[in-house]
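Notes for the one structure printed next.
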Amino acid sequence: MTQVRLDQPHDGPDPSTRDKADPSGHGEGYQRALGARQIQMIAIGGAIGTGLFLGAGKAISKAGPSLILAYAVAGIVIFFIMRALGELLMYRPVAGSFSEYAREFIGPFAGFVTGWTYWLFWVVTGITEVTAAATYMTYWWDIPQWASALVFTVILYGANLISVKLFGELEFWFSMVKVTAIIGMILICAGILTIGFSDAGDTASVSHLWDQGGFFPKGIGGTLMTLQIVMFAFLAVELVGVTAGESKDPEKTLPKAINTVPWRIAVFYVGALIMILSVVPWSEFQPGVSPFVAAFEKMGLAAGAAIVNFVVLTAALSSCNSGMYSTGRMLRDLALNRQGPSVFTRLTRTGTPLIGTTFSAALMLVGVWINYQWPGDAFTYVVSFATISGMWAWIMILVCHVLYRLKVIRGLLPASPFPAPFGLIASVYSLAFIAMVIVMMGIDKDARISLYCAPLWALILGVSYLVLKNRNPEAAAFAKRRTPADK
């Protein structure tokens with residue numbers, strides 16, 4: 001059993017490991033233990049999860065082969081978002097980057113909203129991932145989804161009691177499994193298309209991309225309606241920004257990780273879907289079933305389907321593990337800025353924000369109840385809400401990037417050594433694209449529930465901020481960040 005000692009306000013295991021990138025000079029107490037190898041794989045693995053392995057099944061049934069185009073176009077927007085984040089990170093790399101930039105460029109309330117919303121995003125995403133993992137378990141055994149969800153939540157909570165170095169190592173190997181599996185699947189599909197082995201060998205053809213009702217079998221509208229599923233698949237690519245406070249050399253590792261976004265999308269999304277839909281016609285895929293597992297079953301490779309199911313199970317658990325990591329850090333950032341309970345500032349001797357992680361994991365148990373009440377619709381419900389809350393972080397990144405660039409133009413701030421291509425134009429275009437996705441969510445009856453929840457969450461945050469401002473005026477001003485030694 002992992003033993004964790006939680007001291008009274010503790011500033012970290014070694015003063016030399018404090019956040020040297022924080023220009024304010026206030027050490028954050030984290031260990032800089034994530035190396036380039038781990039950061040790269042965290043960045044890659046963050047974009048390969050439930051949205052691709054499970055969500056793509058529903059998206060294929062809605063859009064057919066045109067889903068490939070949707071991923072490609074959305075991928076360009078994701079690259080712009082990540083380069084905007086990269087420019088900000090190189091200007092000032094800090095843990096809790098999204099809320100920190102919102103505070104600096106918009107105001108304390110924006111930082112408050114962004115921090116708590118991103119925390120909520122990862123709690124909901126954690127629910128999504130254990131839901132997916134529970135769904136994958138039914139491939140082998142007929143056990144209740146809620147039981148699997150409960151077991152996975154408890155196990156992953158235990159895994160987050162380790163040090164950040166071990167977390168990075170686990171995520172490295174989790175991501176390696178996902179990457180290896182997708183590349184292997186692409187190679188197998190390529191072999192089927194060229195050599196013709198397996199049950200699908202006689203019928204596999206690239207012409208499947210247009211001979212089953214055309215490239216847009218459900219029309220342009222059908223493709224647009226999948227955008228919220230597509231954008232959900234890309235959520236978590238921004239996680240590298242949260243690791244800034246625990247990266248050994250953020251000035252080198254973060255830009256390299258961000259610049260891998262284009263080929264990640266090209267290979268793991270566009271390339272994988274082209275291969276799958278060329279081997280198996282899009283009309284044979286069903287919502288709620290992983291297209292990767294279904295593809296191997298259609299090929300007559302039962303063992304391959306079982307292996308892929310194990311891989312996608314690992315992917316879901318990996319994403320949930322990352323969620324627990326992120327929630328603890330975001331709660332601590334809020335507490336350090338006097339916008340959350342001071343108890344969240346405490347670290348264990350291994351540099352882990354145990355109390356914030358425990359609080360978040362406890363809320364993730366809501367996923368167990370959701371899986372008990374609505375085992376068939378659980379994934380759809382949580383995906384739609386996770387999408388709208390996750391996109392808020394992207395919106396804040398883009399808005400802060402625009403405001404930062406304007407200050408640089410006026411000579412008020414130094415230019416970043418990692419400027420985003422196309423600058424302000426790319427950020428404004430990306431904001432417009434996200435606005436279109438939100439409109440599509442309002443039209444889609446399955447995704448509309450998230451838009452109903454958003455105003456309620458906004459009301460809760462607004463009231464909470466007024467109470468906070470009344471009790472602690474420093475939380476509503478650009479006050480000195482609380483250090484872990486503050487009582």
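Naming works like this for the structure tokens: A, B, ... for the chains as they're shown, residue 1 at the start of each chain, ligands 1 onward in shown order.
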List the neighbours of Ser430 in chain A out to 9 Å using only C-alpha atoms; skip same-chain residues closer than 5 positions along the sequence, and give me the result as a PDB file with all heavy atoms, in the first residue's frame.
ATOM      1  N   ILE A  76      -6.891  21.508 -37.375  1.00  0.00           N
ATOM      2  CA  ILE A  76      -6.194  22.763 -37.666  1.00  0.00           C
ATOM      3  C   ILE A  76      -6.472  23.784 -36.565  1.00  0.00           C
ATOM      4  O   ILE A  76      -5.570  24.489 -36.097  1.00  0.00           O
ATOM      5  CB  ILE A  76      -6.631  23.310 -39.036  1.00  0.00           C
ATOM      6  CG1 ILE A  76      -6.176  22.362 -40.152  1.00  0.00           C
ATOM      7  CG2 ILE A  76      -6.071  24.713 -39.261  1.00  0.00           C
ATOM      8  CD1 ILE A  76      -6.710  22.732 -41.527  1.00  0.00           C
ATOM      9  N   VAL A  77      -7.732  23.832 -36.130  1.00  0.00           N
ATOM     10  CA  VAL A  77      -8.104  24.750 -35.053  1.00  0.00           C
ATOM     11  C   VAL A  77      -7.377  24.377 -33.768  1.00  0.00           C
ATOM     12  O   VAL A  77      -6.880  25.249 -33.035  1.00  0.00           O
ATOM     13  CB  VAL A  77      -9.633  24.734 -34.841  1.00  0.00           C
ATOM     14  CG1 VAL A  77     -10.021  25.560 -33.617  1.00  0.00           C
ATOM     15  CG2 VAL A  77     -10.345  25.259 -36.079  1.00  0.00           C
ATOM     16  N   ILE A  78      -7.296  23.086 -33.488  1.00  0.00           N
ATOM     17  CA  ILE A  78      -6.598  22.633 -32.287  1.00  0.00           C
ATOM     18  C   ILE A  78      -5.129  23.048 -32.332  1.00  0.00           C
ATOM     19  O   ILE A  78      -4.548  23.464 -31.319  1.00  0.00           O
ATOM     20  CB  ILE A  78      -6.720  21.106 -32.146  1.00  0.00           C
ATOM     21  CG1 ILE A  78      -8.186  20.701 -31.925  1.00  0.00           C
ATOM     22  CG2 ILE A  78      -5.852  20.599 -30.998  1.00  0.00           C
ATOM     23  CD1 ILE A  78      -8.825  21.340 -30.711  1.00  0.00           C
ATOM     24  N   PHE A  80      -3.903  25.680 -33.839  1.00  0.00           N
ATOM     25  CA  PHE A  80      -3.858  27.114 -33.556  1.00  0.00           C
ATOM     26  C   PHE A  80      -3.998  27.370 -32.051  1.00  0.00           C
ATOM     27  O   PHE A  80      -3.311  28.233 -31.489  1.00  0.00           O
ATOM     28  CB  PHE A  80      -4.970  27.842 -34.308  1.00  0.00           C
ATOM     29  CG  PHE A  80      -4.742  27.948 -35.791  1.00  0.00           C
ATOM     30  CD1 PHE A  80      -5.815  28.083 -36.672  1.00  0.00           C
ATOM     31  CD2 PHE A  80      -3.465  27.907 -36.326  1.00  0.00           C
ATOM     32  CE1 PHE A  80      -5.609  28.192 -38.048  1.00  0.00           C
ATOM     33  CE2 PHE A  80      -3.244  28.013 -37.693  1.00  0.00           C
ATOM     34  CZ  PHE A  80      -4.330  28.155 -38.556  1.00  0.00           C
ATOM     35  N   ILE A  81      -4.905  26.621 -31.402  1.00  0.00           N
ATOM     36  CA  ILE A  81      -5.099  26.793 -29.965  1.00  0.00           C
ATOM     37  C   ILE A  81      -3.823  26.428 -29.208  1.00  0.00           C
ATOM     38  O   ILE A  81      -3.395  27.149 -28.297  1.00  0.00           O
ATOM     39  CB  ILE A  81      -6.277  25.921 -29.472  1.00  0.00           C
ATOM     40  CG1 ILE A  81      -7.601  26.434 -30.048  1.00  0.00           C
ATOM     41  CG2 ILE A  81      -6.339  25.912 -27.942  1.00  0.00           C
ATOM     42  CD1 ILE A  81      -8.785  25.531 -29.786  1.00  0.00           C
ATOM     43  N   ILE A 395     -11.322  28.727 -25.096  1.00  0.00           N
ATOM     44  CA  ILE A 395     -11.769  30.103 -25.334  1.00  0.00           C
ATOM     45  C   ILE A 395     -10.881  31.074 -24.552  1.00  0.00           C
ATOM     46  O   ILE A 395     -10.440  32.100 -25.075  1.00  0.00           O
ATOM     47  CB  ILE A 395     -13.241  30.276 -24.936  1.00  0.00           C
ATOM     48  CG1 ILE A 395     -14.145  29.488 -25.905  1.00  0.00           C
ATOM     49  CG2 ILE A 395     -13.646  31.759 -24.945  1.00  0.00           C
ATOM     50  CD1 ILE A 395     -15.595  29.437 -25.475  1.00  0.00           C
ATOM     51  N   LEU A 398      -7.415  31.435 -26.125  1.00  0.00           N
ATOM     52  CA  LEU A 398      -7.439  32.267 -27.333  1.00  0.00           C
ATOM     53  C   LEU A 398      -7.647  33.743 -27.000  1.00  0.00           C
ATOM     54  O   LEU A 398      -6.978  34.618 -27.571  1.00  0.00           O
ATOM     55  CB  LEU A 398      -8.530  31.770 -28.277  1.00  0.00           C
ATOM     56  CG  LEU A 398      -8.296  30.373 -28.867  1.00  0.00           C
ATOM     57  CD1 LEU A 398      -9.564  29.869 -29.558  1.00  0.00           C
ATOM     58  CD2 LEU A 398      -7.122  30.400 -29.847  1.00  0.00           C
ATOM     59  N   ILE A 425      -4.938  36.532 -36.264  1.00  0.00           N
ATOM     60  CA  ILE A 425      -5.899  35.995 -37.232  1.00  0.00           C
ATOM     61  C   ILE A 425      -6.281  34.561 -36.877  1.00  0.00           C
ATOM     62  O   ILE A 425      -7.457  34.186 -36.888  1.00  0.00           O
ATOM     63  CB  ILE A 425      -5.327  36.066 -38.664  1.00  0.00           C
ATOM     64  CG1 ILE A 425      -5.107  37.523 -39.066  1.00  0.00           C
ATOM     65  CG2 ILE A 425      -6.244  35.352 -39.644  1.00  0.00           C
ATOM     66  CD1 ILE A 425      -4.449  37.685 -40.426  1.00  0.00           C
ATOM     67  N   ALA A 435     -17.389  28.969 -31.639  1.00  0.00           N
ATOM     68  CA  ALA A 435     -18.748  29.504 -31.553  1.00  0.00           C
ATOM     69  C   ALA A 435     -19.702  28.696 -32.429  1.00  0.00           C
ATOM     70  O   ALA A 435     -20.843  28.405 -32.038  1.00  0.00           O
ATOM     71  CB  ALA A 435     -18.755  30.970 -31.968  1.00  0.00           C
TER      72      ALA A 435
END
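Proximity to range 118-123 of chain A at 9 Å, evaluated using only C-alpha atoms and with sequence-adjacent residues fewer than 5 positions away removed, yields Phe98, Ser99, Val113, Thr128, Ala236, Cys320, Ser322, Gly323, Met324, Ser326, Thr327, Gly328, Arg329, Met330, Leu331, Ser360, Ala361, Leu363, Met364, Phe385, Ala386, Thr387, Ile388, Ser389, Gly390, Trp392 and Ala393 of chain A.
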Might you pull out every residue within 12 Å of Gly442 in chain A, with only C-alpha atoms counted and same-chain residues fewer than 3 positions away left off, and present them as a compact mmCIF listing (two decimals) with C-alpha atoms, in the first residue's frame?
# COMPACT_ATOMS: atom_id res chain seq x y z
CA MET A 225 -23.56 17.83 -36.19
CA LEU A 227 -18.35 18.60 -34.46
CA GLN A 228 -19.07 18.45 -30.74
CA SER A 384 -21.82 16.79 -24.04
CA ILE A 388 -18.75 22.68 -23.27
CA ALA A 435 -18.75 29.50 -31.55
CA MET A 436 -20.07 27.48 -34.50
CA VAL A 437 -19.56 24.24 -32.56
CA ILE A 438 -21.55 25.66 -29.64
CA VAL A 439 -24.38 26.55 -32.05
CA LYS A 445 -30.94 17.35 -28.94
CA ASP A 446 -28.44 14.91 -27.42
CA ALA A 447 -25.83 17.60 -26.79
CA ARG A 448 -28.26 20.35 -25.82
CA ILE A 449 -28.28 19.24 -22.19
CA SER A 450 -24.80 20.72 -21.73
CA LEU A 451 -26.06 24.15 -22.77
CA TYR A 452 -28.82 23.86 -20.18
CA CYS A 453 -26.24 23.06 -17.51
CA ALA A 454 -23.85 25.87 -18.51
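Closest to Thr348 in chain A among A:Met275, A:Leu67, A:Leu88, A:Val164 is A:Val164, based on only C-alpha atoms.
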Using only C-alpha atoms, which residues sit within 10 Å of range 400-414 of chain A once same-chain residues fewer than 5 positions away are excluded, as a CSV table (one decimal) with N, CA and C atoms, in the first residue's frame?
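As written to disk, around-v8.csv reads:
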chain,number,residue,atom,x,y,z
A,81,ILE,N,-4.9,26.6,-31.4
A,81,ILE,CA,-5.1,26.8,-30.0
A,81,ILE,C,-3.8,26.4,-29.2
A,83,ARG,N,-0.7,26.4,-30.3
A,83,ARG,CA,0.4,27.3,-30.5
A,83,ARG,C,0.1,28.6,-29.8
A,84,ALA,N,-1.2,29.0,-29.6
A,84,ALA,CA,-1.5,30.2,-28.8
A,84,ALA,C,-1.1,29.9,-27.4
A,85,LEU,N,-1.4,28.7,-26.9
A,85,LEU,CA,-1.0,28.4,-25.5
A,85,LEU,C,0.5,28.3,-25.4
A,86,GLY,N,1.2,27.8,-26.4
A,86,GLY,CA,2.6,27.7,-26.4
A,86,GLY,C,3.3,29.1,-26.3
A,87,GLU,N,2.7,30.0,-27.0
A,87,GLU,CA,3.2,31.4,-27.0
A,87,GLU,C,3.1,32.0,-25.6
A,88,LEU,N,2.0,31.7,-24.9
A,88,LEU,CA,1.7,32.2,-23.6
A,88,LEU,C,2.6,31.5,-22.6
A,91,TYR,N,6.0,32.8,-22.7
A,91,TYR,CA,6.0,34.2,-22.1
A,91,TYR,C,6.1,34.0,-20.6
A,98,PHE,N,-3.9,28.2,-17.5
A,98,PHE,CA,-5.1,28.8,-18.1
A,98,PHE,C,-5.7,29.9,-17.1
A,101,TYR,N,-3.4,33.0,-16.7
A,101,TYR,CA,-3.4,33.9,-17.8
A,101,TYR,C,-4.7,34.7,-17.8
A,102,ALA,N,-5.8,34.0,-17.5
A,102,ALA,CA,-7.1,34.7,-17.4
A,102,ALA,C,-7.1,35.8,-16.4
A,103,ARG,N,-6.4,35.5,-15.2
A,103,ARG,CA,-6.3,36.5,-14.2
A,103,ARG,C,-5.5,37.7,-14.7
A,104,GLU,N,-4.4,37.4,-15.4
A,104,GLU,CA,-3.5,38.5,-15.8
A,104,GLU,C,-4.1,39.4,-16.9
A,105,PHE,N,-4.7,38.8,-17.9
A,105,PHE,CA,-5.1,39.5,-19.1
A,105,PHE,C,-6.6,39.9,-19.0
A,106,ILE,N,-7.4,39.3,-18.2
A,106,ILE,CA,-8.9,39.6,-18.2
A,106,ILE,C,-9.3,40.2,-16.8
A,394,TRP,N,-10.2,26.5,-23.8
A,394,TRP,CA,-9.7,26.9,-25.1
A,394,TRP,C,-10.1,28.3,-25.4
A,395,ILE,N,-11.3,28.7,-25.1
A,395,ILE,CA,-11.8,30.1,-25.3
A,395,ILE,C,-10.9,31.1,-24.6
A,419,PRO,N,6.4,32.4,-30.9
A,419,PRO,CA,5.2,33.0,-31.5
A,419,PRO,C,4.3,32.1,-32.3
A,420,ALA,N,3.0,32.2,-32.1
A,420,ALA,CA,2.0,31.4,-32.8
A,420,ALA,C,1.9,31.8,-34.3
A,423,GLY,N,-0.7,34.5,-35.9
A,423,GLY,CA,-1.0,35.4,-34.8
A,423,GLY,C,-2.4,35.6,-34.5
A,424,LEU,N,-2.8,36.9,-34.5
A,424,LEU,CA,-4.2,37.2,-34.1
A,424,LEU,C,-5.2,36.6,-35.0
A,425,ILE,N,-4.9,36.5,-36.3
A,425,ILE,CA,-5.9,36.0,-37.2
A,425,ILE,C,-6.3,34.6,-36.9
A,426,ALA,N,-5.3,33.8,-36.5
A,426,ALA,CA,-5.6,32.4,-36.2
A,426,ALA,C,-6.4,32.2,-34.9
A,427,SER,N,-6.2,33.1,-34.0
A,427,SER,CA,-6.9,33.0,-32.7
A,427,SER,C,-8.4,33.5,-32.9
A,428,VAL,N,-8.6,34.5,-33.7
A,428,VAL,CA,-9.9,35.0,-34.0
A,428,VAL,C,-10.7,33.9,-34.8
Notebook entry, point to check: Pick from A:Leu273, A:Val399, A:Val206, A:Leu89: nearest to Gly57 in chain A, with only C-alpha atoms counted?
Noted result: A:Leu273
Item checked: Selection near Val311 in chain A, 8 Å with only C-alpha atoms, sequence-local residues under 3 positions removed, as a ChimeraX atom specification -> /A:177-178,181,307-308,314-315
Next item on the list: May I have the residues within 10 Å of Ile265 in chain A as an MDAnalysis selection string, using only C-alpha atoms and disregarding those fewer than 2 positions away in the same chain?
Entry: chainID A and resid 44 47:48 71:72 74:76 78:79 234 260:263 267:272
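Atom to atom, CA of Phe232 in chain A and CA of Asp333 in chain A stand 24.6 Å apart.
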Check: Within 12 Å of Ile155 in chain A, counting only C-alpha atoms, which residues qualify if same-chain residues fewer than 4 places away don't, as a PyMOL selection string?
Finding: chain A and resi 1-2+130+148-151+159-161+317-318+320-321+324+361
Could the residues in this selection be saved with all heavy atoms as a JSON list (two decimals), in the first residue's frame?
[["chain", "number", "residue", "atom", "x", "y", "z"],
["A", 1, "MET", "N", 0.85, -1.21, 0.00],
["A", 1, "MET", "CA", 0.00, 0.00, 0.00],
["A", 1, "MET", "C", 0.88, 1.24, 0.00],
["A", 1, "MET", "O", 1.87, 1.30, 0.72],
["A", 1, "MET", "CB", -0.92, 0.00, 1.23],
["A", 1, "MET", "CG", -1.82, 1.25, 1.32],
["A", 1, "MET", "SD", -2.86, 1.23, 2.79],
["A", 1, "MET", "CE", -3.89, -0.18, 2.44],
["A", 2, "THR", "N", 0.48, 2.22, -0.78],
["A", 2, "THR", "CA", 1.25, 3.47, -0.83],
["A", 2, "THR", "C", 1.01, 4.27, 0.43],
["A", 2, "THR", "O", -0.13, 4.51, 0.83],
["A", 2, "THR", "CB", 0.82, 4.30, -2.04],
["A", 2, "THR", "OG1", 1.04, 3.53, -3.19],
["A", 2, "THR", "CG2", 1.63, 5.58, -2.11],
["A", 130, "VAL", "N", -14.29, 6.63, -16.99],
["A", 130, "VAL", "CA", -14.64, 5.39, -16.29],
["A", 130, "VAL", "C", -15.91, 4.79, -16.88],
["A", 130, "VAL", "O", -16.11, 3.57, -16.86],
["A", 130, "VAL", "CB", -14.81, 5.62, -14.77],
["A", 130, "VAL", "CG1", -13.49, 6.02, -14.14],
["A", 130, "VAL", "CG2", -15.88, 6.63, -14.46],
["A", 148, "SER", "N", -18.06, -1.80, -12.46],
["A", 148, "SER", "CA", -16.75, -1.56, -13.07],
["A", 148, "SER", "C", -16.30, -0.13, -12.84],
["A", 148, "SER", "O", -15.13, 0.14, -12.55],
["A", 148, "SER", "CB", -16.79, -1.87, -14.56],
["A", 148, "SER", "OG", -17.09, -3.22, -14.80],
["A", 149, "ALA", "N", -17.23, 0.82, -13.01],
["A", 149, "ALA", "CA", -16.89, 2.23, -12.83],
["A", 149, "ALA", "C", -16.40, 2.50, -11.41],
["A", 149, "ALA", "O", -15.45, 3.26, -11.20],
["A", 149, "ALA", "CB", -18.11, 3.10, -13.14],
["A", 150, "LEU", "N", -17.03, 1.86, -10.43],
["A", 150, "LEU", "CA", -16.62, 2.05, -9.04],
["A", 150, "LEU", "C", -15.21, 1.52, -8.80],
["A", 150, "LEU", "O", -14.36, 2.20, -8.21],
["A", 150, "LEU", "CB", -17.61, 1.33, -8.11],
["A", 150, "LEU", "CG", -17.25, 1.34, -6.62],
["A", 150, "LEU", "CD1", -17.18, 2.76, -6.09],
["A", 150, "LEU", "CD2", -18.27, 0.52, -5.83],
["A", 151, "VAL", "N", -14.95, 0.32, -9.28],
["A", 151, "VAL", "CA", -13.64, -0.30, -9.09],
["A", 151, "VAL", "C", -12.54, 0.54, -9.74],
["A", 151, "VAL", "O", -11.48, 0.80, -9.14],
["A", 151, "VAL", "CB", -13.62, -1.74, -9.64],
["A", 151, "VAL", "CG1", -12.20, -2.30, -9.64],
["A", 151, "VAL", "CG2", -14.55, -2.62, -8.83],
["A", 159, "ALA", "N", -3.67, 5.18, -7.55],
["A", 159, "ALA", "CA", -2.50, 5.41, -8.41],
["A", 159, "ALA", "C", -2.02, 6.85, -8.31],
["A", 159, "ALA", "O", -0.83, 7.12, -8.51],
["A", 159, "ALA", "CB", -2.84, 5.08, -9.86],
["A", 160, "ASN", "N", -2.91, 7.77, -7.98],
["A", 160, "ASN", "CA", -2.52, 9.18, -7.91],
["A", 160, "ASN", "C", -1.91, 9.57, -6.56],
["A", 160, "ASN", "O", -1.64, 10.75, -6.33],
["A", 160, "ASN", "CB", -3.73, 10.07, -8.22],
["A", 160, "ASN", "CG", -3.79, 10.44, -9.68],
["A", 160, "ASN", "OD1", -3.28, 11.46, -10.11],
["A", 160, "ASN", "ND2", -4.41, 9.57, -10.48],
["A", 161, "LEU", "N", -1.69, 8.60, -5.70],
["A", 161, "LEU", "CA", -1.00, 8.88, -4.45],
["A", 161, "LEU", "C", 0.51, 8.79, -4.62],
["A", 161, "LEU", "O", 1.27, 8.96, -3.68],
["A", 161, "LEU", "CB", -1.45, 7.90, -3.36],
["A", 161, "LEU", "CG", -2.92, 7.92, -3.00],
["A", 161, "LEU", "CD1", -3.19, 6.99, -1.83],
["A", 161, "LEU", "CD2", -3.39, 9.34, -2.66],
["A", 317, "LEU", "N", -8.60, 4.51, -19.00],
["A", 317, "LEU", "CA", -8.07, 4.61, -17.65],
["A", 317, "LEU", "C", -6.92, 5.61, -17.58],
["A", 317, "LEU", "O", -6.75, 6.32, -16.59],
["A", 317, "LEU", "CB", -7.61, 3.23, -17.18],
["A", 317, "LEU", "CG", -8.71, 2.17, -17.05],
["A", 317, "LEU", "CD1", -8.13, 0.84, -16.60],
["A", 317, "LEU", "CD2", -9.80, 2.64, -16.10],
["A", 318, "SER", "N", -6.13, 5.67, -18.64],
["A", 318, "SER", "CA", -5.04, 6.63, -18.71],
["A", 318, "SER", "C", -5.57, 8.06, -18.67],
["A", 318, "SER", "O", -5.05, 8.92, -17.94],
["A", 318, "SER", "CB", -4.22, 6.41, -19.99],
["A", 318, "SER", "OG", -3.29, 7.45, -20.18],
["A", 320, "CYS", "N", -8.42, 9.09, -17.47],
["A", 320, "CYS", "CA", -8.98, 9.37, -16.15],
["A", 320, "CYS", "C", -7.87, 9.64, -15.15],
["A", 320, "CYS", "O", -7.98, 10.52, -14.29],
["A", 320, "CYS", "CB", -9.83, 8.19, -15.69],
["A", 320, "CYS", "SG", -10.70, 8.48, -14.13],
["A", 321, "ASN", "N", -6.78, 8.91, -15.27],
["A", 321, "ASN", "CA", -5.62, 9.13, -14.41],
["A", 321, "ASN", "C", -5.07, 10.54, -14.58],
["A", 321, "ASN", "O", -4.72, 11.23, -13.62],
["A", 321, "ASN", "CB", -4.55, 8.08, -14.72],
["A", 321, "ASN", "CG", -3.44, 8.05, -13.68],
["A", 321, "ASN", "OD1", -3.69, 8.18, -12.50],
["A", 321, "ASN", "ND2", -2.22, 7.85, -14.15],
["A", 324, "MET", "N", -7.33, 13.04, -12.79],
["A", 324, "MET", "CA", -7.11, 13.16, -11.35],
["A", 324, "MET", "C", -5.85, 13.99, -11.07],
["A", 324, "MET", "O", -5.80, 14.75, -10.10],
["A", 324, "MET", "CB", -7.00, 11.78, -10.72],
["A", 324, "MET", "CG", -8.31, 11.03, -10.67],
["A", 324, "MET", "SD", -8.23, 9.56, -9.63],
["A", 324, "MET", "CE", -9.91, 8.94, -9.83],
["A", 361, "ALA", "N", -11.63, 13.09, -6.72],
["A", 361, "ALA", "CA", -11.94, 11.67, -6.93],
["A", 361, "ALA", "C", -13.27, 11.30, -6.29],
["A", 361, "ALA", "O", -14.03, 10.49, -6.83],
["A", 361, "ALA", "CB", -10.81, 10.81, -6.35]]
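The residue that comes closest to Pro281 in chain A, out of A:Met391, A:Ala415, A:Val293, A:Ala204 and on the basis of only C-alpha atoms, is A:Ala204.
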